[in-house]
$ cat start.pdb   # PDB, C-alpha atoms, pLDDT in the B column
ATOM      1  CA  MET A 269    -109.963 -25.050 -87.920  1.00 53.00           C
ATOM      2  CA  ASP A 270    -109.173 -26.516 -91.298  1.00 65.00           C
ATOM      3  CA  MET A 271    -109.438 -24.507 -94.527  1.00 63.00           C
ATOM      4  CA  MET A 272    -112.936 -25.848 -95.223  1.00 71.00           C
ATOM      5  CA  THR A 273    -114.367 -24.375 -92.007  1.00 76.00           C
ATOM      6  CA  LYS A 274    -112.477 -21.072 -91.844  1.00 80.00           C
ATOM      7  CA  PRO A 275    -114.378 -17.981 -92.915  1.00 83.00           C
ATOM      8  CA  CYS A 276    -112.974 -15.312 -95.184  1.00 81.00           C
ATOM      9  CA  ILE A 277    -113.870 -11.643 -95.295  1.00 85.00           C
ATOM     10  CA  GLY A 278    -116.725 -11.240 -97.730  1.00 87.00           C
ATOM     11  CA  HIS A 279    -117.285  -7.479 -97.789  1.00 93.00           C
ATOM     12  CA  THR A 280    -116.778  -4.206 -95.973  1.00 95.00           C
ATOM     13  CA  HIS A 281    -119.671  -1.864 -95.226  1.00 95.00           C
ATOM     14  CA  LEU A 282    -118.828   1.818 -94.732  1.00 96.00           C
ATOM     15  CA  LYS A 283    -120.776   4.687 -93.208  1.00 95.00           C
ATOM     16  CA  VAL A 284    -120.623   7.677 -95.561  1.00 96.00           C
ATOM     17  CA  ALA A 285    -121.845  11.268 -95.423  1.00 97.00           C
ATOM     18  CA  ASP A 286    -122.850  11.664 -99.086  1.00 97.00           C
ATOM     19  CA  LEU A 287    -123.941   8.550-100.974  1.00 97.00           C
ATOM     20  CA  ASP A 288    -123.548  10.000-104.487  1.00 98.00           C
ATOM     21  CA  ARG A 289    -120.016  11.204-103.698  1.00 97.00           C
ATOM     22  CA  ALA A 290    -119.081   7.817-102.221  1.00 97.00           C
ATOM     23  CA  ILE A 291    -120.528   5.902-105.181  1.00 98.00           C
ATOM     24  CA  ALA A 292    -118.599   8.128-107.600  1.00 98.00           C
ATOM     25  CA  PHE A 293    -115.337   7.456-105.740  1.00 98.00           C
ATOM     26  CA  TRP A 294    -115.727   3.685-105.442  1.00 98.00           C
ATOM     27  CA  ARG A 295    -117.039   3.364-109.029  1.00 98.00           C
ATOM     28  CA  ASP A 296    -114.871   5.871-110.910  1.00 97.00           C
ATOM     29  CA  VAL A 297    -111.633   5.839-108.892  1.00 97.00           C
ATOM     30  CA  MET A 298    -111.617   2.271-107.573  1.00 97.00           C
ATOM     31  CA  GLY A 299    -113.150   0.752-110.713  1.00 96.00           C
ATOM     32  CA  MET A 300    -116.086  -1.031-109.083  1.00 97.00           C
ATOM     33  CA  ASP A 301    -119.508  -1.676-110.578  1.00 97.00           C
ATOM     34  CA  LEU A 302    -122.650  -0.361-108.895  1.00 97.00           C
ATOM     35  CA  VAL A 303    -124.675  -3.519-108.254  1.00 97.00           C
ATOM     36  CA  GLN A 304    -127.631  -2.108-106.360  1.00 96.00           C
ATOM     37  CA  ARG A 305    -128.776   1.145-104.849  1.00 97.00           C
ATOM     38  CA  TYR A 306    -131.428   1.754-102.200  1.00 94.00           C
ATOM     39  CA  GLY A 307    -132.469   5.342-102.910  1.00 93.00           C
ATOM     40  CA  ASP A 308    -130.313   7.860-101.058  1.00 91.00           C
ATOM     41  CA  GLN A 309    -129.586   5.478 -98.160  1.00 96.00           C
ATOM     42  CA  ALA A 310    -127.366   2.643 -99.363  1.00 97.00           C
ATOM     43  CA  ALA A 311    -125.474   1.174-102.299  1.00 98.00           C
ATOM     44  CA  PHE A 312    -123.573  -2.009-103.030  1.00 97.00           C
ATOM     45  CA  LEU A 313    -120.566  -2.213-105.357  1.00 97.00           C
ATOM     46  CA  SER A 314    -118.343  -5.034-106.556  1.00 96.00           C
ATOM     47  CA  TRP A 315    -115.859  -6.285-109.074  1.00 95.00           C
ATOM     48  CA  GLY A 316    -116.623  -9.175-111.407  1.00 94.00           C
ATOM     49  CA  GLY A 317    -120.336  -9.567-110.737  1.00 91.00           C
ATOM     50  CA  TYR A 318    -120.126 -10.507-107.034  1.00 93.00           C
ATOM     51  CA  HIS A 319    -123.140  -9.271-105.028  1.00 94.00           C
ATOM     52  CA  HIS A 320    -120.959  -6.742-103.188  1.00 95.00           C
ATOM     53  CA  HIS A 321    -117.445  -6.196-101.938  1.00 95.00           C
ATOM     54  CA  ILE A 322    -118.203  -2.716-100.580  1.00 96.00           C
ATOM     55  CA  GLY A 323    -121.443  -1.553 -99.018  1.00 97.00           C
ATOM     56  CA  LEU A 324    -122.067   2.143 -98.455  1.00 97.00           C
ATOM     57  CA  ASN A 325    -124.780   3.635 -96.268  1.00 96.00           C
ATOM     58  CA  THR A 326    -125.946   6.923 -94.786  1.00 96.00           C
ATOM     59  CA  TRP A 327    -128.198   5.351 -92.133  1.00 95.00           C
ATOM     60  CA  HIS A 328    -126.260   6.855 -89.203  1.00 93.00           C
ATOM     61  CA  SER A 329    -123.892   9.196 -91.021  1.00 94.00           C
ATOM     62  CA  LYS A 330    -125.686  11.360 -93.622  1.00 95.00           C
ATOM     63  CA  GLY A 331    -123.962  14.742 -93.643  1.00 95.00           C
ATOM     64  CA  GLY A 332    -121.537  13.540 -90.989  1.00 94.00           C
ATOM     65  CA  THR A 333    -117.838  14.137 -90.632  1.00 93.00           C
ATOM     66  CA  PRO A 334    -114.962  11.641 -90.526  1.00 90.00           C
ATOM     67  CA  PRO A 335    -113.903  10.412 -87.079  1.00 88.00           C
ATOM     68  CA  ALA A 336    -111.210  12.432 -85.373  1.00 88.00           C
ATOM     69  CA  PRO A 337    -107.618  11.184 -85.599  1.00 86.00           C
ATOM     70  CA  HIS A 338    -106.517   8.913 -82.761  1.00 90.00           C
ATOM     71  CA  HIS A 339    -110.007   7.498 -82.190  1.00 89.00           C
ATOM     72  CA  THR A 340    -111.067   3.915 -82.679  1.00 88.00           C
ATOM     73  CA  GLY A 341    -112.683   2.686 -85.869  1.00 87.00           C
ATOM     74  CA  LEU A 342    -111.699   1.300 -89.224  1.00 89.00           C
ATOM     75  CA  TYR A 343    -107.979   1.722 -89.916  1.00 90.00           C
ATOM     76  CA  HIS A 344    -108.271   0.754 -93.557  1.00 94.00           C
ATOM     77  CA  VAL A 345    -109.835  -1.667 -95.966  1.00 95.00           C
ATOM     78  CA  ALA A 346    -107.164  -3.552 -97.934  1.00 96.00           C
ATOM     79  CA  LEU A 347    -107.781  -4.370-101.587  1.00 95.00           C
ATOM     80  CA  LEU A 348    -105.549  -7.080-103.059  1.00 95.00           C
ATOM     81  CA  TYR A 349    -104.664  -6.741-106.741  1.00 96.00           C
ATOM     82  CA  PRO A 350    -103.654  -9.883-108.678  1.00 95.00           C
ATOM     83  CA  THR A 351    -100.546  -8.453-110.366  1.00 96.00           C
ATOM     84  CA  ARG A 352     -97.984  -5.709-109.895  1.00 97.00           C
ATOM     85  CA  GLN A 353     -99.224  -4.090-113.107  1.00 97.00           C
ATOM     86  CA  ALA A 354    -102.828  -4.103-111.835  1.00 96.00           C
ATOM     87  CA  LEU A 355    -101.607  -2.313-108.686  1.00 97.00           C
ATOM     88  CA  ALA A 356     -99.789   0.194-110.912  1.00 98.00           C
ATOM     89  CA  VAL A 357    -102.934   0.863-112.952  1.00 97.00           C
ATOM     90  CA  ALA A 358    -105.052   1.303-109.793  1.00 97.00           C
ATOM     91  CA  THR A 359    -102.483   3.664-108.254  1.00 98.00           C
ATOM     92  CA  LYS A 360    -102.290   5.750-111.418  1.00 98.00           C
ATOM     93  CA  ARG A 361    -106.088   5.921-111.652  1.00 97.00           C
ATOM     94  CA  ALA A 362    -106.270   7.207-108.066  1.00 98.00           C
ATOM     95  CA  LEU A 363    -103.560   9.816-108.665  1.00 98.00           C
ATOM     96  CA  ASP A 364    -105.182  10.909-111.946  1.00 97.00           C
ATOM     97  CA  ALA A 365    -108.434  11.437-110.008  1.00 97.00           C
ATOM     98  CA  GLY A 366    -106.627  13.795-107.612  1.00 98.00           C
ATOM     99  CA  VAL A 367    -106.396  11.381-104.696  1.00 98.00           C
ATOM    100  CA  GLN A 368    -103.605  12.321-102.273  1.00 98.00           C
ATOM    101  CA  LEU A 369    -101.447   9.370-101.282  1.00 98.00           C
ATOM    102  CA  GLN A 370    -100.768   9.008 -97.567  1.00 97.00           C
ATOM    103  CA  GLY A 371     -97.876   6.650 -98.139  1.00 97.00           C
ATOM    104  CA  TYR A 372     -96.549   3.557 -99.839  1.00 98.00           C
ATOM    105  CA  ALA A 373     -94.353   0.736 -98.618  1.00 98.00           C
ATOM    106  CA  ASP A 374     -92.611  -2.498 -99.488  1.00 98.00           C
ATOM    107  CA  HIS A 375     -93.625  -4.840 -96.696  1.00 97.00           C
ATOM    108  CA  GLY A 376     -91.376  -7.638 -97.939  1.00 97.00           C
ATOM    109  CA  VAL A 377     -94.390  -9.796 -98.749  1.00 97.00           C
ATOM    110  CA  SER A 378     -96.233  -7.070-100.662  1.00 97.00           C
ATOM    111  CA  LEU A 379     -96.129  -3.588-102.153  1.00 98.00           C
ATOM    112  CA  ALA A 380     -98.795  -1.314-100.691  1.00 98.00           C
ATOM    113  CA  VAL A 381    -100.183   2.156-101.438  1.00 98.00           C
ATOM    114  CA  TYR A 382    -102.303   4.072 -98.904  1.00 98.00           C
ATOM    115  CA  PHE A 383    -104.927   6.816 -99.245  1.00 98.00           C
ATOM    116  CA  GLU A 384    -108.454   7.704 -98.061  1.00 96.00           C
ATOM    117  CA  ASP A 385    -111.876   7.811 -99.649  1.00 96.00           C
ATOM    118  CA  PRO A 386    -113.846  11.096 -99.499  1.00 95.00           C
ATOM    119  CA  ASP A 387    -115.261  10.119 -96.081  1.00 95.00           C
ATOM    120  CA  GLY A 388    -111.845   9.601 -94.522  1.00 94.00           C
ATOM    121  CA  ASN A 389    -111.970   5.795 -94.631  1.00 94.00           C
ATOM    122  CA  GLY A 390    -108.473   4.392 -95.017  1.00 95.00           C
ATOM    123  CA  ILE A 391    -107.709   2.346 -98.121  1.00 97.00           C
ATOM    124  CA  GLU A 392    -104.708   0.132 -98.787  1.00 97.00           C
ATOM    125  CA  ILE A 393    -104.260  -1.185-102.309  1.00 97.00           C
ATOM    126  CA  TYR A 394    -101.602  -3.845-102.582  1.00 97.00           C
ATOM    127  CA  TRP A 395    -100.038  -6.690-104.545  1.00 97.00           C
ATOM    128  CA  ASP A 396     -98.590  -9.777-102.896  1.00 97.00           C
ATOM    129  CA  LYS A 397     -95.160 -10.789-104.098  1.00 97.00           C
ATOM    130  CA  PRO A 398     -94.691 -14.453-105.046  1.00 97.00           C
ATOM    131  CA  GLU A 399     -94.548 -16.477-101.825  1.00 96.00           C
ATOM    132  CA  GLN A 400     -91.105 -17.849-102.646  1.00 96.00           C
ATOM    133  CA  ASP A 401     -89.808 -14.251-102.510  1.00 96.00           C
ATOM    134  CA  TRP A 402     -91.193 -13.486 -99.037  1.00 96.00           C
ATOM    135  CA  PRO A 403     -88.426 -12.685 -96.542  1.00 96.00           C
ATOM    136  CA  ARG A 404     -88.024 -15.299 -93.833  1.00 96.00           C
ATOM    137  CA  GLY A 405     -85.864 -15.681 -90.768  1.00 94.00           C
ATOM    138  CA  ALA A 406     -83.679 -18.691 -90.045  1.00 95.00           C
ATOM    139  CA  ASP A 407     -86.630 -20.310 -88.247  1.00 95.00           C
ATOM    140  CA  GLY A 408     -88.879 -19.860 -91.307  1.00 91.00           C
ATOM    141  CA  SER A 409     -90.983 -17.085 -89.791  1.00 94.00           C
ATOM    142  CA  LEU A 410     -91.994 -14.128 -91.945  1.00 93.00           C
ATOM    143  CA  LYS A 411     -89.850 -11.008 -91.632  1.00 95.00           C
ATOM    144  CA  MET A 412     -92.177  -8.291 -92.862  1.00 96.00           C
ATOM    145  CA  GLY A 413     -91.010  -4.689 -92.981  1.00 95.00           C
ATOM    146  CA  ASN A 414     -91.939  -1.192 -94.012  1.00 95.00           C
ATOM    147  CA  ALA A 415     -89.305  -0.139 -96.553  1.00 96.00           C
ATOM    148  CA  ALA A 416     -89.549   2.476 -99.266  1.00 94.00           C
ATOM    149  CA  PHE A 417     -89.985   1.473-102.886  1.00 97.00           C
ATOM    150  CA  ASP A 418     -89.744   3.350-106.175  1.00 98.00           C
ATOM    151  CA  LEU A 419     -93.276   4.634-106.786  1.00 98.00           C
ATOM    152  CA  ARG A 420     -92.302   6.122-110.158  1.00 98.00           C
ATOM    153  CA  ALA A 421     -91.081   2.719-111.340  1.00 98.00           C
ATOM    154  CA  LEU A 422     -94.399   1.174-110.285  1.00 98.00           C
ATOM    155  CA  LEU A 423     -96.391   3.888-112.057  1.00 98.00           C
ATOM    156  CA  ALA A 424     -94.336   3.352-115.237  1.00 98.00           C
ATOM    157  CA  GLU A 425     -95.806  -0.156-115.357  1.00 98.00           C
ATOM    158  CA  ALA A 426     -99.335   1.258-115.649  1.00 97.00           C
ATOM    159  CA  GLY A 427     -98.879   1.595-119.394  1.00 87.00           C
TER     160      GLY A 427
END

$ encode --input "start.pdb" --output "structure tokens"
Amino acid sequence: MDMMTKPCIGHTHLKVADLDRAIAFWRDVMGMDLVQRYGDQAAFLSWGGYHHHIGLNTWHSKGGTPPAPHHTGLYHVALLYPTRQALAVATKRALDAGVQLQGYADHGVSLAVYFEDPDGNGIEIYWDKPEQDWPRGADGSLKMGNAAFDLRALLAEAG
């Protein structure tokens, strides 16, 4: 397929137990705008006026519990930030809201921070390094990794 016929991921739709709690997290912690709400059953949120990047619903999950560890399902939704500073601001906002980080890593091509929403859905927030800085092997293939990075230095960039 050429670039004109390849799809891209348009949105993620999550089952949640408590719609108000989920809206508050995605709006207040993740900085999204509530675009539309369907009573106590569903809501759609986005950045920048798009119809929705995240859908939330309680159709099959109202009052439910997160899936047990080691079961299939969503591993995480990954949210790409345009700059290192934007990632720093988003990370600080999450920490200031009391979110517990599950980890953070320098993958060679990106810096990533991991946590969960109130329903146990995994979230990765990340910033891609400039492509010319991506680590490559002698054959030109990407050499991604999972190294530590200085989280305090990143947070200092939040301003």

$ resolve_selection --input "start.pdb" --expression "the PyMOL selection byres ((chain A and resi 413) around 6)" --output "list of chain:residue names"
A:His375, A:Gly376, A:Met412, A:Asn414

$ residues_near_point --input "start.pdb" --point "(-101.2, 2.6, -96.2)" --cutoff "12 Å" --atoms "all atoms listed in the file" --output "compact mmCIF listing (two decimals) with C-alpha atoms, keeping the file's coordinate frame"
# COMPACT_ATOMS: atom_id res chain seq x y z
CA TYR A 343 -107.98 1.72 -89.92
CA HIS A 344 -108.27 0.75 -93.56
CA VAL A 345 -109.84 -1.67 -95.97
CA ALA A 346 -107.16 -3.55 -97.93
CA LEU A 347 -107.78 -4.37 -101.59
CA GLN A 368 -103.60 12.32 -102.27
CA LEU A 369 -101.45 9.37 -101.28
CA GLN A 370 -100.77 9.01 -97.57
CA GLY A 371 -97.88 6.65 -98.14
CA TYR A 372 -96.55 3.56 -99.84
CA ALA A 373 -94.35 0.74 -98.62
CA ASP A 374 -92.61 -2.50 -99.49
CA HIS A 375 -93.62 -4.84 -96.70
CA SER A 378 -96.23 -7.07 -100.66
CA LEU A 379 -96.13 -3.59 -102.15
CA ALA A 380 -98.80 -1.31 -100.69
CA VAL A 381 -100.18 2.16 -101.44
CA TYR A 382 -102.30 4.07 -98.90
CA PHE A 383 -104.93 6.82 -99.24
CA GLU A 384 -108.45 7.70 -98.06
CA ASN A 389 -111.97 5.80 -94.63
CA GLY A 390 -108.47 4.39 -95.02
CA ILE A 391 -107.71 2.35 -98.12
CA GLU A 392 -104.71 0.13 -98.79
CA ILE A 393 -104.26 -1.18 -102.31
CA TYR A 394 -101.60 -3.84 -102.58
CA ASN A 414 -91.94 -1.19 -94.01

$ residues_near_point --input "start.pdb" --point "(-106.5, 12.9, -108.0)" --cutoff "12 Å" --atoms "only C-alpha atoms" --output "ChimeraX atom specification"
/A:293,296-298,358-369,383-386

$ residues_around --input "start.pdb" --residues "Leu313 in chain A" --least-positions-apart "6" --cutoff "7 Å" --atoms "all atoms listed in the file" --output "ChimeraX atom specification"
/A:300-303,320-323

$ write_last_selection --input "start.pdb" --atoms "C-alpha atoms" --output "tab-separated table (two decimals), keeping the file's coordinate frame"
chain	number	residue	atom	x	y	z
A	300	MET	CA	-116.09	-1.03	-109.08
A	301	ASP	CA	-119.51	-1.68	-110.58
A	302	LEU	CA	-122.65	-0.36	-108.90
A	303	VAL	CA	-124.68	-3.52	-108.25
A	320	HIS	CA	-120.96	-6.74	-103.19
A	321	HIS	CA	-117.44	-6.20	-101.94
A	322	ILE	CA	-118.20	-2.72	-100.58
A	323	GLY	CA	-121.44	-1.55	-99.02

$ resolve_selection --input "start.pdb" --expression "the PyMOL selection byres ((chain A and resi 354-357) around 6)" --output "list in words"
Tyr349, Thr351, Arg352, Gln353, Ala358, Thr359, Lys360, Leu422, Leu423, Glu425 and Ala426 of chain A

$ build_atoms --input "start.pdb" --residues "range 389-415 of chain A" --atoms "N, CA and C atoms" --output "compact mmCIF listing (two decimals), in the coordinates of the input"
# COMPACT_ATOMS: atom_id res chain seq x y z
N ASN A 389 -112.23 7.21 -94.86
CA ASN A 389 -111.97 5.80 -94.63
C ASN A 389 -110.64 5.41 -95.27
N GLY A 390 -109.77 4.79 -94.51
CA GLY A 390 -108.47 4.39 -95.02
C GLY A 390 -108.58 3.27 -96.03
N ILE A 391 -107.76 3.36 -97.08
CA ILE A 391 -107.71 2.35 -98.12
C ILE A 391 -106.26 1.96 -98.34
N GLU A 392 -106.00 0.68 -98.36
CA GLU A 392 -104.71 0.13 -98.79
C GLU A 392 -104.97 -0.65 -100.06
N ILE A 393 -104.24 -0.34 -101.12
CA ILE A 393 -104.26 -1.18 -102.31
C ILE A 393 -102.90 -1.85 -102.38
N TYR A 394 -102.88 -3.14 -102.65
CA TYR A 394 -101.60 -3.84 -102.58
C TYR A 394 -101.54 -5.03 -103.52
N TRP A 395 -100.33 -5.50 -103.74
CA TRP A 395 -100.04 -6.69 -104.54
C TRP A 395 -99.10 -7.55 -103.72
N ASP A 396 -99.46 -8.82 -103.59
CA ASP A 396 -98.59 -9.78 -102.90
C ASP A 396 -97.50 -10.26 -103.84
N LYS A 397 -96.28 -10.22 -103.36
CA LYS A 397 -95.16 -10.79 -104.10
C LYS A 397 -95.30 -12.31 -104.12
N PRO A 398 -94.65 -12.99 -105.06
CA PRO A 398 -94.69 -14.45 -105.05
C PRO A 398 -94.19 -14.97 -103.69
N GLU A 399 -94.86 -15.99 -103.16
CA GLU A 399 -94.55 -16.48 -101.82
C GLU A 399 -93.09 -16.91 -101.69
N GLN A 400 -92.51 -17.43 -102.75
CA GLN A 400 -91.10 -17.85 -102.65
C GLN A 400 -90.15 -16.67 -102.46
N ASP A 401 -90.63 -15.45 -102.69
CA ASP A 401 -89.81 -14.25 -102.51
C ASP A 401 -90.03 -13.58 -101.15
N TRP A 402 -90.94 -14.09 -100.34
CA TRP A 402 -91.19 -13.49 -99.04
C TRP A 402 -89.98 -13.65 -98.14
N PRO A 403 -89.59 -12.60 -97.43
CA PRO A 403 -88.43 -12.68 -96.54
C PRO A 403 -88.74 -13.53 -95.30
N ARG A 404 -87.83 -14.41 -94.98
CA ARG A 404 -88.02 -15.30 -93.83
C ARG A 404 -86.76 -15.33 -92.99
N GLY A 405 -86.97 -15.51 -91.69
CA GLY A 405 -85.86 -15.68 -90.77
C GLY A 405 -85.34 -17.11 -90.82
N ALA A 406 -84.29 -17.37 -90.08
CA ALA A 406 -83.68 -18.69 -90.04
C ALA A 406 -84.66 -19.76 -89.58
N ASP A 407 -85.64 -19.36 -88.75
CA ASP A 407 -86.63 -20.31 -88.25
C ASP A 407 -87.83 -20.46 -89.19
N GLY A 408 -87.79 -19.77 -90.34
CA GLY A 408 -88.88 -19.86 -91.31
C GLY A 408 -89.99 -18.85 -91.12
N SER A 409 -89.92 -18.07 -90.04
CA SER A 409 -90.98 -17.08 -89.79
C SER A 409 -90.86 -15.90 -90.75
N LEU A 410 -91.99 -15.29 -91.07
CA LEU A 410 -91.99 -14.13 -91.94
C LEU A 410 -91.27 -12.96 -91.29
N LYS A 411 -90.56 -12.21 -92.08
CA LYS A 411 -89.85 -11.01 -91.63
C LYS A 411 -90.37 -9.82 -92.45
N MET A 412 -91.58 -9.40 -92.14
CA MET A 412 -92.18 -8.29 -92.86
C MET A 412 -91.53 -6.98 -92.42
N GLY A 413 -91.61 -5.98 -93.29
CA GLY A 413 -91.01 -4.69 -92.98
C GLY A 413 -91.86 -3.55 -93.51
N ASN A 414 -91.25 -2.40 -93.59
CA ASN A 414 -91.94 -1.19 -94.01
C ASN A 414 -90.96 -0.30 -94.77
N ALA A 415 -90.34 -0.85 -95.81
CA ALA A 415 -89.30 -0.14 -96.55
C ALA A 415 -89.91 0.70 -97.68
